[in-house]
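Containing TSV, C-alpha atoms: run09.tsv.
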chain	number	residue	atom	x	y	z
A	121	MET	CA	-24.52	28.06	-58.25
A	122	SER	CA	-25.89	29.39	-61.54
A	123	ALA	CA	-26.85	26.82	-64.14
A	124	SER	CA	-24.65	28.47	-66.77
A	125	LYS	CA	-21.52	27.65	-64.78
A	126	PHE	CA	-22.30	24.00	-64.19
A	127	ILE	CA	-19.93	21.68	-66.08
A	128	CYS	CA	-20.51	17.94	-66.49
A	129	ALA	CA	-17.89	15.60	-67.96
A	130	ILE	CA	-18.65	12.18	-69.47
A	131	THR	CA	-15.87	9.75	-70.37
A	132	ALA	CA	-15.63	7.06	-73.06
A	133	VAL	CA	-18.11	8.73	-75.42
A	134	ASP	CA	-16.51	6.81	-78.29
A	135	SER	CA	-17.90	3.59	-76.75
A	136	TYR	CA	-21.47	2.40	-77.29
A	137	ARG	CA	-22.82	3.17	-73.81
A	138	GLY	CA	-20.84	6.40	-73.58
A	139	TYR	CA	-22.10	7.68	-76.93
A	140	CYS	CA	-25.74	6.93	-76.10
A	141	LEU	CA	-25.38	8.64	-72.75
A	142	ALA	CA	-23.70	11.74	-74.21
A	143	TYR	CA	-26.27	12.05	-76.97
A	144	ASN	CA	-29.13	11.81	-74.49
A	145	PHE	CA	-27.66	14.52	-72.24
A	146	LEU	CA	-27.15	16.83	-75.22
A	147	LYS	CA	-30.63	16.08	-76.58
A	148	ARG	CA	-32.09	17.16	-73.25
A	149	GLN	CA	-30.25	20.44	-73.62
A	150	GLU	CA	-31.66	20.96	-77.10
A	151	LYS	CA	-35.14	20.56	-75.63
A	152	GLY	CA	-34.36	23.26	-73.09
A	153	GLU	CA	-34.14	21.00	-70.05
A	154	GLU	CA	-30.48	21.80	-69.41
A	155	LYS	CA	-28.23	24.78	-70.08
A	156	HIS	CA	-24.91	23.43	-68.86
A	157	THR	CA	-21.51	22.77	-70.37
A	158	ILE	CA	-20.97	19.13	-71.24
A	159	ARG	CA	-17.42	17.95	-71.81
A	160	LEU	CA	-17.06	14.66	-73.66
A	161	LEU	CA	-13.88	12.64	-73.23
A	162	CYS	CA	-12.74	10.06	-75.76
A	163	LYS	CA	-9.66	8.36	-77.15
A	164	ASP	CA	-10.74	8.95	-80.76
A	165	LYS	CA	-13.21	11.61	-81.87
A	166	THR	CA	-13.86	9.98	-85.25
A	167	GLY	CA	-17.61	9.61	-85.73
A	168	LEU	CA	-18.51	12.05	-82.95
A	169	GLU	CA	-19.20	15.06	-85.17
A	170	ASP	CA	-22.90	15.05	-84.34
A	171	LEU	CA	-22.15	15.37	-80.61
A	172	LYS	CA	-20.05	18.44	-81.35
A	173	LYS	CA	-22.82	19.94	-83.50
A	174	MET	CA	-25.22	19.49	-80.57
A	175	GLY	CA	-22.95	21.56	-78.32
A	176	GLY	CA	-20.74	18.94	-76.70
A	177	GLU	CA	-17.12	19.89	-76.06
A	178	ILE	CA	-15.06	16.99	-77.45
A	179	TYR	CA	-11.68	16.18	-75.88
A	180	GLU	CA	-9.35	13.47	-77.11
A	181	VAL	CA	-7.46	12.33	-74.02
A	182	ASN	CA	-4.85	9.87	-72.88
A	183	TYR	CA	-6.15	8.49	-69.60
A	184	SER	CA	-2.59	7.64	-68.56
A	185	ASP	CA	-1.50	11.27	-68.91
A	186	THR	CA	-1.98	13.21	-65.66
A	187	GLU	CA	-1.62	16.61	-67.33
A	188	ASP	CA	-4.13	15.67	-70.02
A	189	ILE	CA	-6.78	14.65	-67.50
A	190	THR	CA	-6.07	17.56	-65.15
A	191	GLU	CA	-6.62	20.08	-67.92
A	192	VAL	CA	-9.93	18.64	-69.09
A	193	LEU	CA	-11.34	18.32	-65.54
A	194	LYS	CA	-10.67	21.95	-64.58
A	195	GLY	CA	-13.89	23.54	-63.40
A	196	VAL	CA	-15.90	20.31	-63.70
A	197	HIS	CA	-18.60	19.82	-61.08
A	198	ALA	CA	-19.91	16.36	-62.03
A	199	LEU	CA	-17.99	13.47	-63.57
A	200	ILE	CA	-19.67	10.42	-65.09
A	201	PHE	CA	-17.12	7.80	-66.02
A	202	LEU	CA	-17.38	4.54	-67.89
A	203	PRO	CA	-14.21	2.51	-67.34
A	204	GLU	CA	-12.16	2.54	-70.54
A	205	GLU	CA	-10.49	-0.24	-72.45
A	206	SER	CA	-6.80	0.04	-71.55
A	207	GLU	CA	-3.75	-1.97	-70.61
A	208	ASP	CA	-3.95	-0.74	-67.00
A	209	PRO	CA	-7.60	0.12	-66.24
A	210	ILE	CA	-7.21	0.05	-62.45
A	211	ASN	CA	-4.45	2.65	-62.34
A	212	ASP	CA	-6.04	4.73	-65.11
A	213	VAL	CA	-9.34	5.01	-63.23
A	214	GLU	CA	-7.69	5.57	-59.86
A	215	ARG	CA	-5.69	8.38	-61.47
A	216	LEU	CA	-8.89	9.83	-62.93
A	217	ILE	CA	-10.65	9.75	-59.54
A	218	LYS	CA	-7.72	11.34	-57.69
A	219	ILE	CA	-7.39	14.12	-60.27
A	220	ALA	CA	-11.14	14.74	-60.10
A	221	LEU	CA	-10.91	15.12	-56.32
A	222	ASN	CA	-7.92	17.44	-56.63
A	223	GLN	CA	-9.95	19.55	-59.07
A	224	GLU	CA	-12.75	19.65	-56.48
A	225	VAL	CA	-15.30	17.77	-58.57
A	226	LYS	CA	-18.43	17.65	-56.43
A	227	CYS	CA	-19.98	14.41	-57.68
A	228	ILE	CA	-18.62	11.25	-59.34
A	229	THR	CA	-20.77	8.57	-60.94
A	230	MET	CA	-19.33	5.27	-62.17
A	231	VAL	CA	-21.14	3.08	-64.71
A	232	SER	CA	-20.56	-0.57	-63.90
A	233	CYS	CA	-22.13	-3.98	-64.54
A	234	VAL	CA	-24.85	-5.86	-62.67
A	235	GLY	CA	-23.48	-8.87	-60.84
A	236	VAL	CA	-19.86	-7.80	-60.33
A	237	ASP	CA	-20.47	-7.47	-56.59
A	238	LYS	CA	-21.19	-11.20	-56.44
A	239	LEU	CA	-17.72	-12.11	-57.67
A	240	LYS	CA	-16.15	-11.51	-54.26
A	241	ASP	CA	-17.90	-14.64	-53.00
A	242	TYR	CA	-17.39	-16.74	-56.12
A	243	ASP	CA	-14.96	-19.64	-55.76
A	244	GLY	CA	-15.60	-21.52	-59.01
A	245	GLU	CA	-13.29	-22.16	-61.95
A	246	LYS	CA	-14.62	-19.57	-64.41
A	247	LYS	CA	-12.46	-16.52	-65.11
A	248	PHE	CA	-13.71	-12.92	-65.16
A	249	PRO	CA	-10.72	-10.58	-65.62
A	250	GLY	CA	-12.74	-7.66	-66.98
A	251	LEU	CA	-15.61	-7.93	-64.51
A	252	GLU	CA	-13.23	-8.45	-61.58
A	253	ALA	CA	-11.50	-5.22	-62.62
A	254	LEU	CA	-14.88	-3.45	-62.49
A	255	CYS	CA	-15.42	-4.81	-58.99
A	256	LYS	CA	-12.05	-3.43	-57.90
A	257	LEU	CA	-12.84	-0.07	-59.50
A	258	GLU	CA	-16.10	0.15	-57.57
A	259	HIS	CA	-14.10	-0.26	-54.35
A	260	LYS	CA	-11.57	2.35	-55.49
A	261	LEU	CA	-14.36	4.88	-56.01
A	262	GLN	CA	-15.88	4.17	-52.59
A	263	GLU	CA	-12.44	4.41	-50.98
A	264	HIS	CA	-11.43	7.73	-52.52
A	265	ALA	CA	-14.74	9.56	-52.94
A	266	LYS	CA	-16.28	8.97	-49.53
A	267	ASN	CA	-16.21	12.70	-48.69
A	268	ILE	CA	-18.14	13.83	-51.78
A	269	GLU	CA	-21.29	12.74	-53.59
A	270	TRP	CA	-20.74	9.47	-55.46
A	271	SER	CA	-22.83	6.82	-57.16
A	272	ILE	CA	-22.29	3.47	-58.81
A	273	VAL	CA	-24.78	2.61	-61.54
A	274	ARG	CA	-24.74	-1.06	-62.50
A	275	SER	CA	-26.46	-1.94	-65.75
A	276	CYS	CA	-27.38	-5.13	-67.63
A	277	VAL	CA	-26.77	-6.16	-71.22
A	278	PRO	CA	-28.40	-3.52	-73.49
A	279	THR	CA	-31.53	-4.84	-75.19
A	280	GLN	CA	-30.26	-3.05	-78.31
A	281	CYS	CA	-27.75	-5.90	-78.68
A	282	LEU	CA	-30.73	-7.67	-80.22
A	283	PHE	CA	-29.85	-5.67	-83.34
A	284	TYR	CA	-26.48	-7.46	-83.41
A	285	MET	CA	-28.19	-10.83	-83.02
A	286	SER	CA	-30.86	-10.19	-85.68
A	287	PRO	CA	-28.93	-11.42	-88.76
A	288	MET	CA	-28.50	-14.75	-86.96
A	289	ILE	CA	-32.14	-14.87	-85.87
A	290	ASN	CA	-33.45	-13.94	-89.32
A	291	ASN	CA	-31.28	-16.50	-91.08
A	292	ASP	CA	-31.62	-19.42	-88.65
A	293	ARG	CA	-34.78	-18.62	-86.63
A	294	LYS	CA	-32.58	-19.32	-83.63
A	295	LEU	CA	-31.03	-17.24	-80.86
A	296	HIS	CA	-27.55	-18.67	-80.28
A	297	LEU	CA	-25.87	-17.56	-77.04
A	298	PRO	CA	-23.20	-19.16	-74.82
A	299	VAL	CA	-25.42	-19.56	-71.77
A	300	ASP	CA	-27.20	-22.56	-70.25
A	301	LYS	CA	-30.91	-22.58	-71.05
A	302	CYS	CA	-31.88	-22.68	-67.36
A	303	GLU	CA	-29.84	-19.66	-66.23
A	304	LYS	CA	-31.73	-16.39	-65.81
A	305	TRP	CA	-30.32	-12.98	-66.67
A	306	GLY	CA	-31.53	-9.53	-67.65
A	307	SER	CA	-31.32	-6.95	-70.40
A	308	VAL	CA	-32.42	-3.32	-70.32
A	309	ASP	CA	-33.17	-0.69	-72.94
A	310	ILE	CA	-30.17	1.63	-73.33
A	311	GLN	CA	-32.57	4.60	-73.56
A	312	ASP	CA	-34.00	3.72	-70.15
A	313	VAL	CA	-30.46	3.46	-68.76
A	314	SER	CA	-29.42	6.81	-70.26
A	315	ASP	CA	-32.55	8.44	-68.86
A	316	ALA	CA	-31.88	6.93	-65.44
A	317	ILE	CA	-28.31	8.24	-65.30
A	318	TYR	CA	-29.54	11.66	-66.43
A	319	GLU	CA	-32.13	11.70	-63.64
A	320	LEU	CA	-29.54	10.59	-61.11
A	321	ALA	CA	-27.20	13.38	-62.25
A	322	ARG	CA	-30.03	15.86	-61.85
A	323	LYS	CA	-30.77	14.61	-58.33
A	324	HIS	CA	-27.10	15.00	-57.42
A	325	ARG	CA	-26.99	18.51	-58.83
A	326	GLU	CA	-30.06	19.45	-56.83
A	327	GLU	CA	-28.55	17.74	-53.77
A	328	LYS	CA	-31.51	15.40	-53.39
A	329	THR	CA	-29.44	12.26	-52.79
A	330	ILE	CA	-26.90	13.44	-50.23
A	331	GLY	CA	-26.52	10.87	-47.50
A	332	LYS	CA	-28.91	8.51	-49.26
A	333	LYS	CA	-28.58	5.71	-51.82
A	334	HIS	CA	-25.23	5.27	-53.55
A	335	ILE	CA	-25.50	2.01	-55.55
A	336	TRP	CA	-28.17	1.51	-58.20
A	337	ASN	CA	-28.86	-1.76	-60.04
A	338	LEU	CA	-30.59	-1.00	-63.35
A	339	THR	CA	-32.32	-4.27	-64.14
A	340	PRO	CA	-35.65	-5.51	-65.42
A	341	VAL	CA	-38.19	-6.28	-62.73
A	342	LYS	CA	-38.09	-9.91	-63.89
A	343	ASN	CA	-35.21	-11.76	-65.54
A	344	MET	CA	-35.54	-14.54	-68.11
A	345	ASN	CA	-33.64	-17.58	-69.30
A	346	GLY	CA	-32.60	-18.08	-72.93
A	347	GLN	CA	-35.77	-19.91	-73.91
A	348	GLU	CA	-37.90	-17.14	-72.41
A	349	PHE	CA	-35.86	-14.52	-74.27
A	350	ALA	CA	-36.47	-16.36	-77.54
A	351	GLN	CA	-40.18	-16.58	-76.74
A	352	ALA	CA	-40.36	-12.84	-75.97
A	353	ILE	CA	-38.71	-12.07	-79.32
A	354	THR	CA	-41.11	-14.47	-81.06
A	355	GLU	CA	-44.12	-12.70	-79.55
A	356	GLY	CA	-42.70	-9.30	-80.45
A	357	PHE	CA	-41.97	-10.26	-84.06
A	358	ASP	CA	-45.22	-12.20	-84.52
A	359	SER	CA	-43.73	-13.98	-87.54
A	360	GLY	CA	-42.97	-17.56	-86.57
A	361	LYS	CA	-41.27	-19.25	-83.66
A	362	ILE	CA	-37.68	-18.42	-82.70
A	363	ARG	CA	-35.80	-21.06	-80.73
A	364	PHE	CA	-32.97	-20.69	-78.25
A	365	GLU	CA	-29.85	-22.77	-78.71
A	366	LYS	CA	-26.70	-22.71	-76.62
A	367	SER	CA	-23.53	-21.86	-78.53
A	368	SER	CA	-19.89	-21.83	-77.55
A	369	GLU	CA	-18.03	-18.67	-76.55
A	370	ASP	CA	-15.91	-18.97	-79.68
A	371	GLU	CA	-19.01	-19.13	-81.88
A	372	LEU	CA	-20.34	-15.87	-80.42
A	373	ARG	CA	-16.91	-14.28	-80.64
A	374	ASP	CA	-16.55	-15.18	-84.32
A	375	TYR	CA	-20.11	-14.12	-85.11
A	376	LEU	CA	-19.73	-10.67	-83.55
A	377	LYS	CA	-16.41	-10.14	-85.31
A	378	SER	CA	-18.09	-11.00	-88.62
A	379	LEU	CA	-20.52	-8.11	-88.13
A	380	ARG	CA	-17.68	-5.59	-88.31
A	381	ASN	CA	-17.90	-5.73	-92.11
A	382	ASN	CA	-21.68	-6.01	-92.33
A	383	ASP	CA	-22.99	-3.03	-94.31
A	384	ASN	CA	-26.11	-2.84	-92.13
A	385	PHE	CA	-24.04	-1.80	-89.10
A	386	GLN	CA	-21.84	0.89	-90.61
A	387	ASN	CA	-24.33	3.75	-90.14
A	388	PRO	CA	-27.44	4.28	-88.01
A	389	PRO	CA	-30.77	3.84	-89.78
A	390	PRO	CA	-32.19	7.11	-91.19
A	391	ALA	CA	-34.75	8.60	-88.82
A	392	LYS	CA	-37.23	8.94	-91.69
A	393	ASN	CA	-37.26	5.15	-92.11
A	394	LEU	CA	-38.33	4.54	-88.51
A	395	THR	CA	-41.95	4.01	-87.56
A	396	GLY	CA	-44.13	4.25	-84.46
A	397	HIS	CA	-42.19	3.59	-81.27
A	398	SER	CA	-38.99	2.52	-83.05
A	399	ASP	CA	-35.72	3.05	-81.24
A	400	SER	CA	-33.85	6.33	-81.77
A	401	PRO	CA	-31.10	6.09	-84.43
A	402	TYR	CA	-28.44	7.20	-81.95
A	403	ASN	CA	-29.09	4.07	-79.86
A	404	PHE	CA	-28.33	1.79	-82.80
A	405	PRO	CA	-25.24	-0.36	-82.11
A	406	LEU	CA	-22.74	0.21	-84.90
A	407	ALA	CA	-19.97	-2.08	-86.13
A	408	ARG	CA	-17.30	0.28	-84.80
A	409	TYR	CA	-18.30	-0.54	-81.23
A	410	LEU	CA	-17.47	-4.24	-81.74
A	411	THR	CA	-13.93	-3.97	-80.45
A	412	ASP	CA	-12.16	-7.01	-79.04
A	413	ASP	CA	-12.71	-5.64	-75.54
A	414	PHE	CA	-16.43	-5.09	-76.14
A	415	ILE	CA	-16.80	-8.66	-77.37
A	416	GLU	CA	-14.81	-10.13	-74.47
A	417	HIS	CA	-16.90	-8.11	-72.02
A	418	ALA	CA	-20.07	-9.55	-73.56
A	419	ILE	CA	-18.69	-13.07	-73.32
A	420	GLU	CA	-17.68	-12.55	-69.68
A	421	ASN	CA	-21.25	-11.49	-68.96
A	422	PHE	CA	-22.58	-14.79	-70.31
A	423	ARG	CA	-19.89	-16.58	-68.33
A	424	LEU	CA	-21.22	-14.76	-65.27
A	425	PHE	CA	-24.73	-15.96	-66.07
A	426	ASN	CA	-23.47	-19.54	-66.44
A	427	ALA	CA	-21.96	-19.27	-62.97
A	428	GLY	CA	-25.43	-18.50	-61.62
A	429	LEU	CA	-24.55	-14.88	-60.85
A	430	GLY	CA	-26.79	-13.11	-63.36
A	431	ASP	CA	-30.21	-13.25	-61.72
A	432	THR	CA	-30.25	-9.85	-60.01
A	433	THR	CA	-33.47	-7.84	-60.04
A	434	SER	CA	-34.33	-4.43	-58.67
A	435	THR	CA	-36.88	-1.63	-59.02
A	436	ASP	CA	-34.12	1.00	-59.19
A	437	LEU	CA	-34.54	1.63	-62.92
A	438	LYS	CA	-38.29	2.17	-62.66
A	439	GLU	CA	-37.74	4.42	-59.64
A	440	LEU	CA	-35.28	6.67	-61.46
A	441	ILE	CA	-37.16	7.05	-64.75
A	442	ASN	CA	-40.62	7.06	-63.16
A	443	ARG	CA	-42.09	4.68	-65.74
A	444	ASP	CA	-42.09	0.98	-66.55
A	445	PRO	CA	-38.85	0.08	-68.38
A	446	GLN	CA	-39.29	-1.30	-71.88
A	447	ASP	CA	-39.02	-5.10	-71.82
A	448	VAL	CA	-37.67	-7.41	-74.52
A	449	LYS	CA	-41.08	-8.24	-76.02
A	450	GLU	CA	-41.99	-4.54	-76.30
A	451	PHE	CA	-38.62	-3.72	-77.80
A	452	ALA	CA	-38.92	-6.49	-80.40
A	453	LYS	CA	-42.45	-5.38	-81.27
A	454	ASN	CA	-41.59	-1.68	-81.49
A	455	ASN	CA	-38.55	-2.37	-83.68
A	456	GLN	CA	-39.67	-5.42	-85.61
A	457	ASN	CA	-39.32	-3.81	-89.05
A	458	GLU	CA	-35.74	-2.69	-88.41
A	459	LEU	CA	-34.78	-5.94	-86.67
A	460	GLN	CA	-36.28	-8.21	-89.33
A	461	ASN	CA	-34.56	-6.33	-92.14
A	462	LEU	CA	-31.08	-7.06	-90.77
A	463	LYS	CA	-29.36	-9.91	-92.59
Full structure transcribed into structure tokens:
Amino acid sequence: MSASKFICAITAVDSYRGYCLAYNFLKRQEKGEEKHTIRLLCKDKTGLEDLKKMGGEIYEVNYSDTEDITEVLKGVHALIFLPEESEDPINDVERLIKIALNQEVKCITMVSCVGVDKLKDYDGEKKFPGLEALCKLEHKLQEHAKNIEWSIVRSCVPTQCLFYMSPMINNDRKLHLPVDKCEKWGSVDIQDVSDAIYELARKHREEKTIGKKHIWNLTPVKNMNGQEFAQAITEGFDSGKIRFEKSSEDELRDYLKSLRNNDNFQNPPPAKNLTGHSDSPYNFPLARYLTDDFIEHAIENFRLFNAGLGDTTSTDLKELINRDPQDVKEFAKNNQNELQNLK
């Protein structure tokens, strides 16, 4: 198949992970690595003008509308989907998968969350409605897509969420999170994750993974507890000790909601203001991504960690990107100017 006819579709590009992924794919094209059509699906195209300028085909869709989804998936060879916020996510995703198969999509990749596979054996009192839905969606993909190429990519909390936490850290010299200090969990650089999914898509296109690995856990090689996270940030900042302190879920919920009106999170930092190995502006987490569903998903993750289900480690991320993933200390060091300026 000629490269010019290859069409890749990415869903939820108006979400944080989806936007970073779409931008990375398009940036690769600008550098000459890819010459394919990339269709970008969203509920609202506001704020996505730069993706269109880079060559992405933007489609506002209703995931509950069969005709809408059928039209946008015509001719698509590879589908990368991030489950959307909706009133009926199970049926919406199952509909998406079935339409993709009817349109003869050759490869489907689902972006999920590390640890959701452990919920099937959990019998405690904590509730995980969003993560349990992800677990069910993983099974739906495996059930329906068994005759084509498919992958599930589970990822951790993005290390870039440290930007969201920086006003708190800079004001209080404390990292407040709703997780027990002894529980270990992981975070990964969103750039590393985007690169890994790109490499996986390339392997699928070149048919290098057929009959091989289907589920990838993108984690750090070593997880940390809250105190170790605070210490890693301290060492990266090199400007005085930062302490970890457990907060309540409501405190984190209220704090994240308060950032929606913080001027520092309305636009990405100008590239000219970044130094050295600073993070790319397109990976900066904006206020618009702090939807109620995003916040509840974050809180469920910490609930998962408190249930002892967060300590999953793997070398999958390093294997896919062929380099050592950036850890929390490196991230804090490389972005200390930007992080310390957030109030």
Each residue of range 222-278 of chain A lying at most 12 Å from range 134-142 of chain A should get a row with its shortest atom-to-atom pair and the distance in Å to one decimal, counting all atoms listed in the file; could you produce that, ordered by chain and increasing number, as CSV?
residue,atom,partner,partner_atom,distance
A:Met230,CA,A:Gly138,CA,11.6
A:Val231,CA,A:Arg137,CA,9.3
A:Ser232,CA,A:Arg137,CA,10.8
A:Cys233,CA,A:Arg137,CA,11.7
A:Ser275,CA,A:Arg137,CA,10.2
A:Cys276,CA,A:Arg137,CA,11.3
A:Val277,CA,A:Arg137,CA,10.5
A:Pro278,CA,A:Arg137,CA,8.7
Polymer residues at most 9 Å from range 279-288 of chain A, all atoms listed in the file, same-chain spacing of 4 or more positions, as number ranges by chain: A: 292-296, 306-310, 375-376, 379, 385, 399, 403-407, 447-448, 451-452, 458-463
Using all atoms listed in the file: which of A:Val299, A:Ile272, A:Val225, A:Leu168 has the shortest distance to Ile419 in chain A: A:Val299
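Note that CA of Ile415 in chain A and CA of Leu372 in chain A are 8.6 Å apart.
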Report the closest atom pair, with its distance in Å rounded to one decimal, for each residue of range 299-405 of chain A that has an atom no farther than 12 Å from range 193-210 of chain A; count all atoms listed in the file, sort by chain and then rising residue number, and write it as JSON lines.
{"residue": "A:Ser314", "atom": "CA", "partner": "A:Ile200", "partner_atom": "CA", "distance": 11.6}
{"residue": "A:Ile317", "atom": "CA", "partner": "A:Ile200", "partner_atom": "CA", "distance": 8.9}
{"residue": "A:Tyr318", "atom": "CA", "partner": "A:Ile200", "partner_atom": "CA", "distance": 10.0}
{"residue": "A:Leu320", "atom": "CA", "partner": "A:Ile200", "partner_atom": "CA", "distance": 10.6}
{"residue": "A:Ala321", "atom": "CA", "partner": "A:Ala198", "partner_atom": "CA", "distance": 7.9}
{"residue": "A:Arg322", "atom": "CA", "partner": "A:Ala198", "partner_atom": "CA", "distance": 10.1}
{"residue": "A:Lys323", "atom": "CA", "partner": "A:Ala198", "partner_atom": "CA", "distance": 11.6}
{"residue": "A:His324", "atom": "CA", "partner": "A:Ala198", "partner_atom": "CA", "distance": 8.6}
{"residue": "A:Arg325", "atom": "CA", "partner": "A:Ala198", "partner_atom": "CA", "distance": 8.1}
{"residue": "A:Glu326", "atom": "CA", "partner": "A:Ala198", "partner_atom": "CA", "distance": 11.8}
With C-alpha atoms retained, write the just-selected residues as a CSV table (one decimal), keeping the file's coordinate frame.
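This went into again.csv:
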chain,number,residue,atom,x,y,z
A,314,SER,CA,-29.4,6.8,-70.3
A,317,ILE,CA,-28.3,8.2,-65.3
A,318,TYR,CA,-29.5,11.7,-66.4
A,320,LEU,CA,-29.5,10.6,-61.1
A,321,ALA,CA,-27.2,13.4,-62.2
A,322,ARG,CA,-30.0,15.9,-61.8
A,323,LYS,CA,-30.8,14.6,-58.3
A,324,HIS,CA,-27.1,15.0,-57.4
A,325,ARG,CA,-27.0,18.5,-58.8
A,326,GLU,CA,-30.1,19.4,-56.8
Non-local contacts of Ala350 in chain A (8 Å; all atoms listed in the file; under 3 positions in same chain excluded) as an MDAnalysis selection string: chainID A and resid 294:295 346:347 353:354 362:364
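Here CA of Phe425 in chain A stands at a distance of 22.6 Å from CA of Tyr409 in chain A.
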Kindly complete range 364-381 of chain A to N, CA and C atoms; the output should be written as a PDB file, in the frame of the given file.
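Output below, filename part.pdb:
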ATOM      1  N   PHE A 364     -34.260 -20.969 -78.888  1.00  0.00           N
ATOM      2  CA  PHE A 364     -32.970 -20.690 -78.250  1.00  0.00           C
ATOM      3  C   PHE A 364     -32.082 -21.916 -78.369  1.00  0.00           C
ATOM      4  N   GLU A 365     -30.815 -21.680 -78.633  1.00  0.00           N
ATOM      5  CA  GLU A 365     -29.850 -22.770 -78.710  1.00  0.00           C
ATOM      6  C   GLU A 365     -28.524 -22.302 -78.126  1.00  0.00           C
ATOM      7  N   LYS A 366     -27.977 -23.088 -77.225  1.00  0.00           N
ATOM      8  CA  LYS A 366     -26.700 -22.710 -76.620  1.00  0.00           C
ATOM      9  C   LYS A 366     -25.570 -22.850 -77.629  1.00  0.00           C
ATOM     10  N   SER A 367     -24.714 -21.826 -77.667  1.00  0.00           N
ATOM     11  CA  SER A 367     -23.530 -21.860 -78.530  1.00  0.00           C
ATOM     12  C   SER A 367     -22.292 -21.881 -77.660  1.00  0.00           C
ATOM     13  N   SER A 368     -21.154 -21.953 -78.284  1.00  0.00           N
ATOM     14  CA  SER A 368     -19.890 -21.830 -77.550  1.00  0.00           C
ATOM     15  C   SER A 368     -19.472 -20.371 -77.503  1.00  0.00           C
ATOM     16  N   GLU A 369     -18.556 -20.035 -76.602  1.00  0.00           N
ATOM     17  CA  GLU A 369     -18.030 -18.670 -76.550  1.00  0.00           C
ATOM     18  C   GLU A 369     -17.344 -18.295 -77.858  1.00  0.00           C
ATOM     19  N   ASP A 370     -16.611 -19.248 -78.427  1.00  0.00           N
ATOM     20  CA  ASP A 370     -15.910 -18.970 -79.680  1.00  0.00           C
ATOM     21  C   ASP A 370     -16.876 -18.682 -80.823  1.00  0.00           C
ATOM     22  N   GLU A 371     -18.018 -19.373 -80.831  1.00  0.00           N
ATOM     23  CA  GLU A 371     -19.010 -19.130 -81.880  1.00  0.00           C
ATOM     24  C   GLU A 371     -19.555 -17.711 -81.790  1.00  0.00           C
ATOM     25  N   LEU A 372     -19.864 -17.248 -80.573  1.00  0.00           N
ATOM     26  CA  LEU A 372     -20.340 -15.870 -80.420  1.00  0.00           C
ATOM     27  C   LEU A 372     -19.249 -14.878 -80.771  1.00  0.00           C
ATOM     28  N   ARG A 373     -18.034 -15.171 -80.341  1.00  0.00           N
ATOM     29  CA  ARG A 373     -16.910 -14.280 -80.640  1.00  0.00           C
ATOM     30  C   ARG A 373     -16.732 -14.117 -82.145  1.00  0.00           C
ATOM     31  N   ASP A 374     -16.731 -15.226 -82.860  1.00  0.00           N
ATOM     32  CA  ASP A 374     -16.550 -15.180 -84.320  1.00  0.00           C
ATOM     33  C   ASP A 374     -17.723 -14.487 -84.997  1.00  0.00           C
ATOM     34  N   TYR A 375     -18.924 -14.740 -84.506  1.00  0.00           N
ATOM     35  CA  TYR A 375     -20.110 -14.120 -85.110  1.00  0.00           C
ATOM     36  C   TYR A 375     -20.069 -12.603 -84.969  1.00  0.00           C
ATOM     37  N   LEU A 376     -19.773 -12.116 -83.763  1.00  0.00           N
ATOM     38  CA  LEU A 376     -19.730 -10.670 -83.550  1.00  0.00           C
ATOM     39  C   LEU A 376     -18.627 -10.014 -84.372  1.00  0.00           C
ATOM     40  N   LYS A 377     -17.496 -10.684 -84.487  1.00  0.00           N
ATOM     41  CA  LYS A 377     -16.410 -10.140 -85.310  1.00  0.00           C
ATOM     42  C   LYS A 377     -16.834 -10.051 -86.779  1.00  0.00           C
ATOM     43  N   SER A 378     -17.654 -11.002 -87.217  1.00  0.00           N
ATOM     44  CA  SER A 378     -18.090 -11.000 -88.620  1.00  0.00           C
ATOM     45  C   SER A 378     -18.984  -9.803 -88.936  1.00  0.00           C
ATOM     46  N   LEU A 379     -19.631  -9.246 -87.915  1.00  0.00           N
ATOM     47  CA  LEU A 379     -20.520  -8.110 -88.130  1.00  0.00           C
ATOM     48  C   LEU A 379     -19.749  -6.814 -88.386  1.00  0.00           C
ATOM     49  N   ARG A 380     -18.456  -6.809 -88.109  1.00  0.00           N
ATOM     50  CA  ARG A 380     -17.680  -5.590 -88.310  1.00  0.00           C
ATOM     51  C   ARG A 380     -17.714  -5.130 -89.769  1.00  0.00           C
ATOM     52  N   ASN A 381     -17.872  -6.071 -90.683  1.00  0.00           N
ATOM     53  CA  ASN A 381     -17.900  -5.730 -92.110  1.00  0.00           C
ATOM     54  C   ASN A 381     -19.303  -5.799 -92.706  1.00  0.00           C
TER      55      ASN A 381
END
